[in-house]
file run-v1.txt (compact mmCIF, C-alpha atoms and all ligand atoms)
# COMPACT_ATOMS: atom_id res chain seq x y z
CA MET C 10 -23.91 -18.49 28.72
CA SER C 11 -24.74 -20.96 26.08
CA VAL C 12 -26.67 -20.83 22.86
CA GLY C 13 -28.45 -24.16 22.79
CA THR C 14 -28.64 -26.13 19.61
CA SER C 15 -32.32 -25.52 19.12
CA ARG C 16 -32.66 -21.90 20.17
CA PRO C 17 -32.55 -19.15 17.55
CA LEU C 18 -29.14 -17.89 16.53
CA LYS C 19 -27.89 -14.96 18.53
CA THR C 20 -24.29 -14.23 17.94
CA ARG C 21 -24.49 -10.49 17.83
CA ASP C 22 -24.10 -8.46 20.97
CA ALA C 23 -26.85 -6.00 21.96
CA ARG C 24 -24.32 -3.17 21.95
CA ARG C 25 -23.55 -3.74 18.30
CA PRO C 26 -25.86 -2.08 15.81
CA PRO C 27 -28.15 -4.51 14.03
CA ALA C 28 -27.56 -5.31 10.39
CA PRO C 29 -30.97 -4.62 8.94
CA ARG C 30 -30.11 -5.35 5.32
CA HIS C 31 -29.31 -9.00 5.91
CA GLY C 32 -32.24 -9.74 8.18
CA ASP C 33 -31.82 -11.24 11.61
CA LEU C 34 -31.72 -15.03 11.75
CA ALA C 35 -33.50 -15.00 15.10
CA GLU C 36 -36.19 -12.74 13.68
CA LEU C 37 -36.59 -15.14 10.78
CA GLY C 38 -37.23 -17.85 13.34
CA LEU C 39 -34.19 -19.82 12.18
CA CYS C 40 -32.27 -21.95 14.63
CA PRO C 41 -28.79 -23.45 14.11
CA ASP C 42 -30.23 -26.91 13.57
CA ASP C 43 -31.98 -25.63 10.44
CA LEU C 44 -28.65 -24.99 8.73
CA PRO C 45 -27.53 -27.63 6.23
CA ASP C 46 -23.87 -27.30 7.24
CA GLY C 47 -22.22 -27.84 10.57
CA LEU C 48 -22.05 -24.68 12.69
CA VAL C 49 -19.85 -24.36 15.76
CA ILE C 50 -19.53 -21.11 17.70
CA ALA C 51 -17.03 -20.48 20.46
CA ASP C 52 -17.19 -17.52 22.86
CA GLU C 53 -14.37 -15.11 23.77
CA HIS C 54 -12.81 -17.77 26.05
CA GLY C 55 -12.78 -20.43 23.36
CA ARG C 56 -15.70 -22.36 24.91
CA VAL C 57 -18.23 -23.90 22.57
CA VAL C 58 -21.58 -22.12 22.87
CA CYS C 59 -23.29 -23.51 19.81
CA PHE C 60 -22.96 -26.93 18.20
CA ASN C 61 -25.74 -27.59 15.73
CA ALA C 62 -27.22 -30.89 14.58
CA ALA C 63 -25.17 -31.04 11.36
CA ALA C 64 -21.95 -30.47 13.37
CA ALA C 65 -22.93 -33.33 15.67
CA ARG C 66 -23.58 -35.56 12.66
CA ILE C 67 -20.32 -34.69 10.91
CA THR C 68 -18.14 -35.03 14.01
CA ALA C 69 -20.15 -37.90 15.53
CA LEU C 70 -20.05 -35.97 18.83
CA PRO C 71 -23.33 -35.27 20.64
CA ALA C 72 -24.06 -31.55 21.11
CA GLU C 73 -24.39 -31.99 24.89
CA ARG C 74 -20.79 -33.14 25.11
CA ALA C 75 -19.46 -30.41 22.86
CA LEU C 76 -21.29 -27.48 24.48
CA GLY C 77 -19.17 -25.82 27.16
CA SER C 78 -15.97 -27.62 26.22
CA ALA C 79 -12.92 -25.99 24.70
CA LEU C 80 -13.08 -25.50 20.94
CA GLU C 81 -10.00 -27.64 20.33
CA HIS C 82 -11.56 -30.50 22.30
CA ALA C 83 -14.93 -30.34 20.59
CA LEU C 84 -13.25 -30.04 17.19
CA PRO C 85 -9.85 -31.73 17.38
CA LEU C 86 -8.98 -30.83 13.80
CA GLU C 87 -5.69 -31.66 12.18
CA ASP C 88 -4.33 -30.58 8.84
CA LEU C 89 -3.30 -33.12 6.22
CA GLU C 90 0.25 -33.20 7.67
CA GLY C 91 -1.12 -34.15 11.08
CA ARG C 92 -0.58 -30.78 12.76
CA ARG C 93 -3.16 -29.55 15.26
CA TRP C 94 -5.10 -26.90 13.45
CA TRP C 95 -6.18 -24.73 16.40
CA GLN C 96 -2.59 -24.46 17.66
CA LEU C 97 -1.50 -23.57 14.17
CA THR C 98 -4.10 -20.89 13.56
CA ASP C 99 -4.50 -19.67 17.16
CA PRO C 100 -7.59 -17.51 16.56
CA TYR C 101 -7.55 -15.78 19.97
CA ARG C 102 -3.89 -14.83 20.18
CA GLY C 103 -2.91 -14.79 16.53
CA LEU C 104 -2.57 -11.73 14.33
CA ALA C 105 -5.16 -9.12 15.32
CA ILE C 106 -5.99 -8.28 11.73
CA ARG C 107 -7.11 -11.82 10.94
CA VAL C 108 -10.79 -12.07 10.11
CA GLY C 109 -10.99 -15.81 9.73
CA GLN C 110 -9.74 -18.83 7.82
CA PRO C 111 -10.61 -19.70 4.23
CA GLU C 112 -12.15 -23.08 3.44
CA ARG C 113 -9.73 -25.91 4.00
CA ASN C 114 -9.74 -29.68 3.92
CA LEU C 115 -8.97 -30.93 7.44
CA LEU C 116 -9.12 -34.23 9.27
CA LEU C 117 -11.20 -35.27 12.25
CA PRO C 118 -10.04 -38.10 14.54
CA GLY C 119 -10.31 -41.36 12.65
CA GLY C 120 -9.14 -39.68 9.46
CA ARG C 121 -12.55 -38.38 8.41
CA GLU C 122 -12.18 -35.45 6.02
CA VAL C 123 -14.15 -32.31 6.53
CA LEU C 124 -14.18 -28.89 4.87
CA VAL C 125 -13.71 -26.16 7.45
CA SER C 126 -13.93 -22.39 7.26
CA ALA C 127 -13.88 -19.96 10.18
CA ARG C 128 -14.72 -16.39 10.89
CA TYR C 129 -13.39 -14.37 13.82
CA VAL C 130 -15.86 -11.81 15.15
CA ARG C 131 -14.34 -8.74 16.81
CA ASP C 132 -16.08 -5.66 18.22
CA GLU C 133 -13.47 -3.37 16.70
CA PRO C 134 -11.36 -4.19 13.66
CA THR C 135 -8.24 -5.15 15.65
CA GLY C 136 -9.90 -5.77 19.01
CA PRO C 137 -10.00 -9.14 20.81
CA VAL C 138 -11.86 -12.02 19.22
CA ARG C 139 -15.30 -12.31 20.78
CA ARG C 140 -16.60 -15.22 18.78
CA VAL C 141 -15.10 -17.84 16.54
CA ILE C 142 -17.66 -19.13 14.06
CA VAL C 143 -16.74 -22.38 12.35
CA CYS C 144 -18.56 -23.94 9.41
CA LEU C 145 -18.11 -27.62 8.70
CA ARG C 146 -19.04 -29.35 5.51
CA ASP C 147 -19.09 -33.06 4.90
CA THR C 148 -16.90 -34.05 1.96
CA GLU C 149 -18.35 -37.53 1.57
CA ALA C 150 -20.62 -36.70 -1.40
CA ARG C 151 -17.83 -34.81 -3.16
CA ARG C 152 -15.41 -37.67 -2.56
CA ARG C 153 -17.90 -40.14 -3.95
CA THR C 154 -18.21 -38.26 -7.25
CA GLU C 155 -14.44 -37.92 -7.41
CA ARG C 156 -14.09 -41.63 -6.83
CA SER C 157 -16.68 -42.41 -9.48
CA HIS C 158 -14.77 -40.20 -11.96
CA ALA C 159 -11.54 -41.97 -11.12
CA GLU C 160 -13.24 -45.36 -11.60
CA LEU C 161 -14.70 -44.22 -14.91
CA ILE C 162 -11.26 -43.23 -16.17
CA ALA C 163 -9.77 -46.53 -15.03
CA THR C 164 -12.52 -48.52 -16.74
CA VAL C 165 -12.30 -46.49 -19.95
CA ALA C 166 -8.53 -46.93 -20.08
CA HIS C 167 -8.94 -50.65 -19.58
CA GLU C 168 -11.67 -50.93 -22.25
CA LEU C 169 -9.53 -49.03 -24.76
CA ARG C 170 -6.39 -50.92 -23.99
CA SER C 171 -7.51 -54.42 -24.93
CA PRO C 172 -8.63 -53.68 -28.54
CA LEU C 173 -5.64 -51.39 -29.06
CA THR C 174 -3.24 -54.05 -27.79
CA SER C 175 -4.67 -56.42 -30.36
CA VAL C 176 -4.44 -53.81 -33.16
CA LYS C 177 -0.84 -53.10 -32.20
CA GLY C 178 0.06 -56.79 -31.94
CA PHE C 179 -1.39 -57.79 -35.30
CA THR C 180 -0.05 -54.81 -37.23
CA ALA C 181 3.43 -55.25 -35.74
CA THR C 182 3.40 -58.95 -36.62
CA LEU C 183 2.21 -58.27 -40.15
CA LEU C 184 4.81 -55.57 -40.71
CA ALA C 185 7.65 -57.73 -39.39
CA LYS C 186 6.75 -61.01 -41.06
CA TRP C 187 4.57 -60.09 -44.01
CA GLU C 188 6.13 -62.67 -46.36
CA ARG C 189 5.68 -65.56 -43.98
CA PHE C 190 1.88 -65.47 -43.91
CA THR C 191 -0.55 -66.78 -46.48
CA ASP C 192 -3.19 -64.44 -47.90
CA ASP C 193 -5.88 -66.10 -45.79
CA GLN C 194 -3.89 -65.61 -42.59
CA LYS C 195 -3.25 -61.98 -43.45
CA LYS C 196 -6.93 -61.45 -44.20
CA LEU C 197 -7.93 -62.97 -40.87
CA MET C 198 -5.52 -60.71 -39.00
CA LEU C 199 -6.71 -57.61 -40.84
CA GLU C 200 -10.32 -58.54 -40.10
CA THR C 201 -9.50 -58.74 -36.40
CA VAL C 202 -7.74 -55.37 -36.59
CA ASP C 203 -10.76 -53.93 -38.38
CA ALA C 204 -13.20 -55.29 -35.77
CA ASP C 205 -11.07 -53.98 -32.91
CA ALA C 206 -10.78 -50.56 -34.52
CA ASN C 207 -14.58 -50.53 -34.83
CA ARG C 208 -14.86 -51.41 -31.16
CA VAL C 209 -12.67 -48.45 -30.21
CA THR C 210 -14.67 -46.08 -32.44
CA ARG C 211 -17.92 -47.31 -30.96
CA LEU C 212 -16.64 -47.01 -27.42
CA ILE C 213 -15.55 -43.44 -28.05
CA ALA C 214 -18.95 -42.56 -29.56
CA GLU C 215 -20.62 -44.09 -26.49
CA LEU C 216 -18.36 -42.14 -24.13
CA LEU C 217 -19.22 -38.91 -25.91
CA ASP C 218 -22.93 -39.70 -25.49
CA ILE C 219 -22.34 -40.42 -21.82
CA SER C 220 -20.57 -37.14 -21.27
CA ARG C 221 -23.50 -35.33 -22.95
CA ILE C 222 -26.02 -37.23 -20.82
CA ASP C 223 -24.08 -36.63 -17.59
CA SER C 224 -23.70 -32.92 -18.24
CA GLY C 225 -27.32 -32.51 -19.40
CA ARG C 226 -26.21 -31.45 -22.89
CA LEU C 227 -28.00 -34.18 -24.81
CA GLU C 228 -29.98 -32.28 -27.44
CA VAL C 229 -33.33 -33.59 -28.57
CA ARG C 230 -34.36 -32.36 -32.03
CA ARG C 231 -38.00 -33.30 -32.32
CA GLN C 232 -39.54 -34.40 -35.59
CA PRO C 233 -42.48 -36.67 -36.36
CA VAL C 234 -41.28 -40.24 -35.85
CA ASP C 235 -42.97 -43.36 -37.19
CA ILE C 236 -41.67 -45.71 -34.55
CA GLY C 237 -43.30 -48.80 -36.11
CA ALA C 238 -41.47 -48.16 -39.39
CA ALA C 239 -38.22 -47.57 -37.46
CA VAL C 240 -38.50 -50.96 -35.71
CA GLY C 241 -39.34 -52.54 -39.09
CA ARG C 242 -36.10 -51.16 -40.57
CA HIS C 243 -34.03 -52.61 -37.74
CA ILE C 244 -35.66 -56.03 -38.19
CA GLN C 245 -34.96 -55.91 -41.93
CA ALA C 246 -31.29 -55.13 -41.24
CA TYR C 247 -31.04 -58.16 -38.92
CA VAL C 248 -32.70 -60.39 -41.51
CA ALA C 249 -30.39 -59.05 -44.23
CA SER C 250 -27.38 -59.91 -42.05
CA GLY C 251 -28.49 -63.52 -41.70
CA GLN C 252 -30.92 -63.67 -38.76
CA SER C 253 -34.06 -65.67 -39.40
CA ALA C 254 -37.17 -63.50 -39.94
CA ASP C 255 -39.03 -65.79 -37.49
CA ARG C 256 -36.91 -64.44 -34.71
CA PHE C 257 -38.86 -61.18 -34.66
CA LEU C 258 -42.50 -60.42 -34.00
CA LEU C 259 -43.68 -56.83 -34.35
CA ARG C 260 -47.13 -55.91 -33.00
CA ILE C 261 -48.49 -52.40 -33.34
CA GLY C 262 -51.58 -51.27 -31.41
CA HIS C 263 -53.85 -48.63 -32.92
CA PRO C 264 -54.48 -45.79 -32.92
CA LEU C 265 -50.97 -44.56 -32.08
CA PRO C 266 -50.69 -40.86 -31.27
CA GLU C 267 -48.41 -38.81 -33.48
CA LEU C 268 -45.00 -38.91 -31.84
CA TRP C 269 -42.51 -36.04 -31.95
CA ALA C 270 -39.04 -37.21 -31.01
CA ASP C 271 -35.43 -37.17 -32.18
CA PRO C 272 -35.38 -39.88 -34.90
CA ASP C 273 -31.62 -40.60 -34.67
CA LYS C 274 -31.73 -40.97 -30.92
CA ILE C 275 -34.83 -43.16 -30.99
CA ASP C 276 -33.00 -45.31 -33.54
CA GLN C 277 -30.14 -45.60 -31.09
CA VAL C 278 -32.52 -46.72 -28.33
CA LEU C 279 -34.16 -49.32 -30.56
CA SER C 280 -30.86 -50.56 -31.90
CA ASN C 281 -29.47 -51.07 -28.38
CA LEU C 282 -32.56 -52.85 -27.06
CA LEU C 283 -32.86 -55.09 -30.11
CA GLU C 284 -29.17 -55.87 -30.12
CA ASN C 285 -29.37 -56.84 -26.45
CA ALA C 286 -32.41 -59.04 -27.08
CA VAL C 287 -30.62 -60.79 -29.96
CA ARG C 288 -27.21 -61.02 -28.29
CA HIS C 289 -28.10 -61.64 -24.64
CA GLY C 290 -31.54 -63.16 -25.14
CA GLU C 291 -32.86 -66.16 -27.04
CA GLY C 292 -35.92 -67.27 -28.99
CA THR C 293 -38.43 -64.87 -30.48
CA VAL C 294 -37.93 -61.16 -29.89
CA THR C 295 -41.33 -59.52 -29.59
CA ILE C 296 -41.75 -55.78 -30.03
CA ASP C 297 -45.07 -54.29 -28.92
CA ILE C 298 -45.82 -50.68 -29.78
CA GLU C 299 -48.91 -49.31 -28.06
CA PRO C 300 -50.57 -46.04 -27.15
CA SER C 301 -50.32 -45.43 -23.42
CA ALA C 302 -50.73 -42.83 -20.70
CA SER C 303 -47.96 -40.26 -20.56
CA PRO C 304 -45.41 -40.47 -17.76
CA ARG C 305 -45.57 -36.67 -17.66
CA GLU C 306 -48.41 -34.81 -16.02
CA ARG C 307 -50.68 -32.64 -18.15
CA GLU C 308 -49.81 -34.59 -21.28
CA GLU C 309 -52.29 -37.30 -21.91
CA ALA C 310 -50.88 -39.23 -24.86
CA ALA C 311 -47.74 -41.32 -25.07
CA THR C 312 -46.34 -44.26 -26.96
CA SER C 313 -44.83 -47.26 -25.25
CA VAL C 314 -42.48 -49.78 -26.78
CA THR C 315 -41.87 -53.15 -25.15
CA VAL C 316 -39.05 -55.43 -26.25
CA SER C 317 -39.31 -58.95 -24.85
CA ASP C 318 -37.25 -62.05 -25.49
CA GLU C 319 -37.21 -65.67 -24.36
CA GLY C 320 -33.66 -65.90 -23.06
CA PRO C 321 -32.39 -66.21 -19.51
CA GLY C 322 -33.61 -62.70 -18.58
CA ILE C 323 -32.05 -60.42 -16.02
CA PRO C 324 -31.74 -61.86 -12.51
CA GLU C 325 -34.08 -60.13 -10.06
CA GLU C 326 -31.21 -58.93 -7.87
CA SER C 327 -29.48 -57.23 -10.82
CA MET C 328 -32.50 -55.43 -12.23
CA ASN C 329 -31.69 -52.15 -10.53
CA ARG C 330 -28.15 -52.25 -11.87
CA VAL C 331 -28.76 -52.83 -15.58
CA PHE C 332 -29.05 -49.12 -16.32
CA THR C 333 -25.79 -48.19 -14.60
CA ARG C 334 -22.60 -47.59 -16.55
CA PHE C 335 -20.34 -50.55 -17.25
CA TRP C 336 -22.62 -53.12 -15.69
CA ARG C 337 -22.68 -56.32 -17.70
CA GLY C 338 -24.19 -59.53 -16.58
CA SER C 339 -22.69 -62.20 -18.76
CA LYS C 340 -19.41 -62.87 -20.47
CA ARG C 341 -21.13 -62.19 -23.77
CA GLY C 342 -21.63 -58.60 -22.65
CA GLY C 343 -20.16 -55.67 -24.52
CA THR C 344 -18.99 -52.61 -22.64
CA GLY C 345 -22.12 -52.30 -20.50
CA LEU C 346 -22.84 -48.77 -21.66
CA GLY C 347 -25.77 -49.47 -23.99
CA LEU C 348 -28.58 -49.39 -21.44
CA TYR C 349 -27.13 -46.40 -19.61
CA ILE C 350 -27.29 -44.45 -22.87
CA VAL C 351 -30.76 -45.79 -23.67
CA LYS C 352 -32.04 -44.54 -20.31
CA GLY C 353 -30.35 -41.16 -20.78
CA ILE C 354 -31.96 -40.70 -24.22
CA VAL C 355 -35.41 -41.80 -23.06
CA GLU C 356 -35.25 -39.46 -20.07
CA ALA C 357 -34.03 -36.57 -22.23
CA HIS C 358 -37.32 -37.04 -24.13
CA GLY C 359 -39.26 -36.83 -20.86
CA GLY C 360 -39.93 -40.56 -20.95
CA THR C 361 -39.30 -43.50 -18.63
CA ILE C 362 -37.84 -46.98 -19.03
CA THR C 363 -38.30 -50.08 -16.91
CA VAL C 364 -37.01 -53.61 -16.95
CA GLY C 365 -38.91 -56.72 -15.96
CA ARG C 366 -39.52 -60.34 -16.76
CA ALA C 367 -41.17 -61.25 -20.05
CA PRO C 368 -44.16 -63.65 -20.01
CA GLY C 369 -41.93 -66.22 -21.77
CA GLY C 370 -39.29 -65.90 -19.02
CA GLY C 371 -36.78 -63.64 -20.79
CA ALA C 372 -35.97 -59.98 -20.31
CA GLN C 373 -38.53 -57.30 -20.99
CA PHE C 374 -37.62 -53.66 -21.52
CA ARG C 375 -40.40 -51.14 -21.82
CA PHE C 376 -40.00 -47.46 -22.54
CA THR C 377 -42.70 -44.83 -22.72
CA LEU C 378 -42.30 -41.56 -24.61
CA PRO C 379 -44.69 -38.65 -24.20
CA VAL C 380 -45.93 -37.50 -27.63
CA GLY C 381 -43.77 -34.41 -27.26
CA THR C 382 -44.41 -30.98 -28.64
CA PRO C 383 -42.34 -29.87 -31.61
CA ALA C 384 -39.97 -27.07 -30.68
CA HIS C 385 -41.60 -24.52 -33.04
CA LEU C 386 -45.02 -25.00 -31.42
CA LEU C 387 -43.81 -24.45 -27.86
N1 LIG O 1 -32.32 -58.96 -23.28
C1 LIG O 1 -31.42 -59.28 -22.36
N2 LIG O 1 -31.38 -60.54 -21.82
C2 LIG O 1 -30.47 -60.86 -20.88
N3 LIG O 1 -29.54 -60.01 -20.39
C3 LIG O 1 -29.54 -58.76 -20.88
C4 LIG O 1 -30.47 -58.32 -21.87
N4 LIG O 1 -30.22 -57.01 -22.13
C5 LIG O 1 -29.17 -56.66 -21.36
N5 LIG O 1 -28.77 -57.71 -20.60
C6 LIG O 1 -27.67 -57.70 -19.61
O1 LIG O 1 -27.43 -56.36 -19.23
C7 LIG O 1 -26.06 -56.02 -19.43
C8 LIG O 1 -25.94 -54.55 -19.76
O2 LIG O 1 -26.48 -54.27 -21.03
P1 LIG O 1 -25.93 -53.05 -21.88
O3 LIG O 1 -26.68 -52.96 -23.15
O4 LIG O 1 -25.91 -51.85 -20.99
O5 LIG O 1 -24.42 -53.45 -22.13
P2 LIG O 1 -23.80 -54.51 -23.13
O6 LIG O 1 -24.85 -55.00 -24.09
O7 LIG O 1 -23.09 -55.52 -22.30
O8 LIG O 1 -22.74 -53.62 -23.89
P3 LIG O 1 -22.97 -52.46 -24.98
O9 LIG O 1 -24.47 -52.33 -25.17
O10 LIG O 1 -22.36 -51.24 -24.35
O11 LIG O 1 -22.26 -52.94 -26.16
C9 LIG O 1 -25.57 -56.96 -20.50
O12 LIG O 1 -24.17 -57.17 -20.42
C10 LIG O 1 -26.39 -58.21 -20.23
O13 LIG O 1 -25.73 -59.02 -19.26
MG MG O 2 -26.05 -53.58 -25.12

call {"tool": "encode", "arguments": {"input": "run-v1.txt", "output": "structure tokens", "more": "lines below"}}
Ligand SMILES: Nc1ncnc2c1ncn2[C@@H]1O[C@H](COP(=O)(O)OP(=O)(O)OP(=O)(O)O)[C@@H](O)[C@H]1O
Ligand SMILES: [Mg+2]
result
Amino acid sequence: MSVGTSRPLKTRDARRPPAPRHGDLAELGLCPDDLPDGLVIADEHGRVVCFNAAAARITALPAERALGSALEHALPLEDLEGRRWWQLTDPYRGLAIRVGQPERNLLLPGGREVLVSARYVRDEPTGPVRRVIVCLRDTEARRRTERSHAELIATVAHELRSPLTSVKGFTATLLAKWERFTDDQKKLMLETVDADANRVTRLIAELLDISRIDSGRLEVRRQPVDIGAAVGRHIQAYVASGQSADRFLLRIGHPLPELWADPDKIDQVLSNLLENAVRHGEGTVTIDIEPSASPREREEAATSVTVSDEGPGIPEESMNRVFTRFWRGSKRGGTGLGLYIVKGIVEAHGGTITVGRAPGGGAQFRFTLPVGTPAHLL
């Protein structure tokens, strides 16, 4: 007998009393192919009687070839030491009190990792095994996140090491040979140390933001925000630090809806976008603030801010990567975290951000924030 891959699940024998509390999968009209995980069932002789679509995908073995074959042939699993798992566990002749195997990381031929758990179905508690039910779960997605964590740690370590190496080098030199340097030389070294220490502090602040964004803990404390005035303050700061006032053009469309947002976080977004436009772009930086349609349904009003420059812009093929962590296009780049954080903050406000080409040929970043409802009015 064989339970085909598309027929409803029937693993219980008619002699056994039904389990009404859990519902019957067949009664629910469910078939093995509907299950998200791989399901393999072997009968009392160890022959495969069910091999669902997910099992076929994970093992890369078509169900037709698996059905009817011995369990150890359909699923030639090995543990991480290379031992054959079915021989090791021996479900049919092993200890009669065994009820199954807990989840374990095993290998398929070709070294593909898979998470496996098994259940042994017996008619009586210590009777012979009538069915072996095996669940398979792909570990690819889990591995990918693990890999991305490992890469993040490697990158962070690297980013921290270079400024700290410079801090260590200059302080050690100054301590060892203080008398041999002129005041100007000492000042230059201390300025470098100061700048590198700032870089480390900034990187750590950015990493903390990232961890909040990634874990969904970024808090948005909404207050009325005058975004035009906020942009104006940033421009003034640039002018005060020596940039020419002609470099900036601020245009505000009217009437702007009243915007409720987190002022500090919006400042962070503006500061990153303007800094990028000044550092990576060229020519005039134009900031357009306009009323627009909300990216969220049921909320009609929103404000959009567009920052455009006249520099080289972002190459078309890299546009979908600018918002990822640690991506930087040019040598002039910083750590490549700025836009990732900007996107995280905008999205935490329920907004959206896009990148494109400015009319003048440079980069154009546009974010749209729904007007937002203050927390106390919700
Ligand atoms: N206005 C722009 N014009 C041209 N390239 C840009 C512009 N804005 C960003 N980029 C490119 O996108 C990359 C990523 O920007 P992002 O702000 O995320 O990082 P960063 O500026 O390099 O470093 P950080 O902001 O963390 O100090 C930059 O390295 C740069 O190559
Ligand atoms: Mg930046």

call {"tool": "residues_around", "arguments": {"input": "run-v1.txt", "residues": "Cys144 (chain C)", "least_positions_apart": "2", "cutoff": "9 Å", "atoms": "all atoms listed in the file", "output": "list in words"}}
result
Asp46, Gly47, Leu48, Val49, Ile50, Ala64, Glu112, Leu124, Val125, Ser126, Ala127, Arg128, Ile142 and Arg146 of chain C

call {"tool": "closest_atom_pairs", "arguments": {"input": "run-v1.txt", "of": "region 102-158 of chain C", "to": "region 53-57 of chain C", "cutoff": "10 Å", "atoms": "all atoms listed in the file", "output": "Markdown table"}}
result
| residue | atom | partner | partner_atom | distance |
| --- | --- | --- | --- | --- |
| C:Val130 | CA | C:Glu53 | CA | 9.3 |
| C:Arg131 | CA | C:Glu53 | CA | 9.4 |
| C:Pro137 | CA | C:Glu53 | CA | 8.0 |
| C:Val138 | CA | C:Glu53 | CA | 6.0 |
| C:Arg139 | CA | C:Glu53 | CA | 4.2 |
| C:Arg140 | CA | C:Glu53 | CA | 5.5 |
| C:Val141 | CA | C:Gly55 | CA | 7.7 |
| C:Ile142 | CA | C:Val57 | CA | 9.8 |

call {"tool": "closest_atom_pairs", "arguments": {"input": "run-v1.txt", "of": "region 144-249 of chain C", "to": "region 312-328 of chain C", "cutoff": "10 Å", "atoms": "all atoms listed in the file", "output": "Markdown table"}}
result
| residue | atom | partner | partner_atom | distance |
| --- | --- | --- | --- | --- |
| C:Ile236 | CA | C:Val314 | CA | 8.8 |
| C:Gly237 | CA | C:Val314 | CA | 9.4 |
| C:Val240 | CA | C:Val314 | CA | 9.8 |

call {"tool": "residues_near_ligand", "arguments": {"input": "run-v1.txt", "ligand": "ligand LIG 1 (chain O)", "cutoff": "6 Å", "atoms": "all atoms listed in the file", "output": "mmCIF file with C-alpha atoms, keeping the file's coordinate frame"}}
result
data_model
loop_
_atom_site.group_PDB
_atom_site.id
_atom_site.type_symbol
_atom_site.label_atom_id
_atom_site.label_comp_id
_atom_site.auth_asym_id
_atom_site.auth_seq_id
_atom_site.Cartn_x
_atom_site.Cartn_y
_atom_site.Cartn_z
ATOM 1 C CA ASN C 285 -29.370 -56.840 -26.450
ATOM 2 C CA ALA C 286 -32.410 -59.040 -27.080
ATOM 3 C CA HIS C 289 -28.100 -61.640 -24.640
ATOM 4 C CA GLY C 290 -31.540 -63.160 -25.140
ATOM 5 C CA GLY C 320 -33.660 -65.900 -23.060
ATOM 6 C CA PRO C 321 -32.390 -66.210 -19.510
ATOM 7 C CA GLY C 322 -33.610 -62.700 -18.580
ATOM 8 C CA ILE C 323 -32.050 -60.420 -16.020
ATOM 9 C CA VAL C 331 -28.760 -52.830 -15.580
ATOM 10 C CA TRP C 336 -22.620 -53.120 -15.690
ATOM 11 C CA ARG C 337 -22.680 -56.320 -17.700
ATOM 12 C CA GLY C 338 -24.190 -59.530 -16.580
ATOM 13 C CA SER C 339 -22.690 -62.200 -18.760
ATOM 14 C CA GLY C 342 -21.630 -58.600 -22.650
ATOM 15 C CA GLY C 343 -20.160 -55.670 -24.520
ATOM 16 C CA THR C 344 -18.990 -52.610 -22.640
ATOM 17 C CA GLY C 345 -22.120 -52.300 -20.500
ATOM 18 C CA LEU C 346 -22.840 -48.770 -21.660
ATOM 19 C CA GLY C 347 -25.770 -49.470 -23.990
ATOM 20 C CA LEU C 348 -28.580 -49.390 -21.440
ATOM 21 C CA TYR C 349 -27.130 -46.400 -19.610
ATOM 22 C CA ALA C 372 -35.970 -59.980 -20.310
#

call {"tool": "closest_residue", "arguments": {"input": "run-v1.txt", "among": "C:Arg170, C:Arg334, C:Arg102, C:Arg242", "to": "ligand MG 2 (chain O)", "atoms": "only C-alpha atoms and all ligand atoms"}}
result
C:Arg334

call {"tool": "atom_distance", "arguments": {"input": "run-v1.txt", "atom1": "CA of Leu169 (chain C)", "atom2": "atom MG of ligand MG 2 (chain O)"}}
result
17.1 Å

call {"tool": "atom_distance", "arguments": {"input": "run-v1.txt", "atom1": "CA of His167 (chain C)", "atom2": "CA of Arg208 (chain C)"}}
result
13.0 Å

call {"tool": "closest_residue", "arguments": {"input": "run-v1.txt", "among": "C:Ile244, C:Leu212, C:Leu259, C:Ala238", "to": "Glu168 (chain C)", "atoms": "all atoms listed in the file"}}
result
C:Leu212

call {"tool": "closest_residue", "arguments": {"input": "run-v1.txt", "among": "C:Thr361, C:Thr174, C:Gln277, C:Thr293", "to": "ligand MG 2 (chain O)", "atoms": "all atoms listed in the file"}}
result
C:Gln277

call {"tool": "closest_residue", "arguments": {"input": "run-v1.txt", "among": "C:Gly371, C:Ala302, C:Asp273, C:Glu200", "to": "Val287 (chain C)", "atoms": "all atoms listed in the file"}}
result
C:Gly371

call {"tool": "atom_distance", "arguments": {"input": "run-v1.txt", "atom1": "CA of Arg113 (chain C)", "atom2": "CA of Asp132 (chain C)"}}
result
25.5 Å

call {"tool": "residues_around", "arguments": {"input": "run-v1.txt", "residues": "Leu173 (chain C)", "least_positions_apart": "3", "cutoff": "8 Å", "atoms": "only C-alpha atoms", "output": "JSON, numbers by chain"}}
result
{"C": [169, 170, 176, 177, 205, 206, 209]}

call {"tool": "write_last_selection", "arguments": {"input": "run-v1.txt", "atoms": "C-alpha atoms", "output": "PDB file, in the frame of the given file"}}
result
ATOM      1  CA  LEU C 169      -9.530 -49.030 -24.760  1.00  0.00           C
ATOM      2  CA  ARG C 170      -6.390 -50.920 -23.990  1.00  0.00           C
ATOM      3  CA  VAL C 176      -4.440 -53.810 -33.160  1.00  0.00           C
ATOM      4  CA  LYS C 177      -0.840 -53.100 -32.200  1.00  0.00           C
ATOM      5  CA  ASP C 205     -11.070 -53.980 -32.910  1.00  0.00           C
ATOM      6  CA  ALA C 206     -10.780 -50.560 -34.520  1.00  0.00           C
ATOM      7  CA  VAL C 209     -12.670 -48.450 -30.210  1.00  0.00           C
TER       8      VAL C 209
END

call {"tool": "closest_residue", "arguments": {"input": "run-v1.txt", "among": "C:Met198, C:Val351, C:Leu145, C:Leu265", "to": "ligand MG 2 (chain O)", "atoms": "all atoms listed in the file"}}
result
C:Val351

call {"tool": "residues_around", "arguments": {"input": "run-v1.txt", "residues": "Ala270 (chain C)", "least_positions_apart": "3", "cutoff": "8 Å", "atoms": "all atoms listed in the file", "output": "JSON, numbers by chain"}}
result
{"C": [229, 230, 231, 232, 233, 234, 275, 358, 380, 381]}
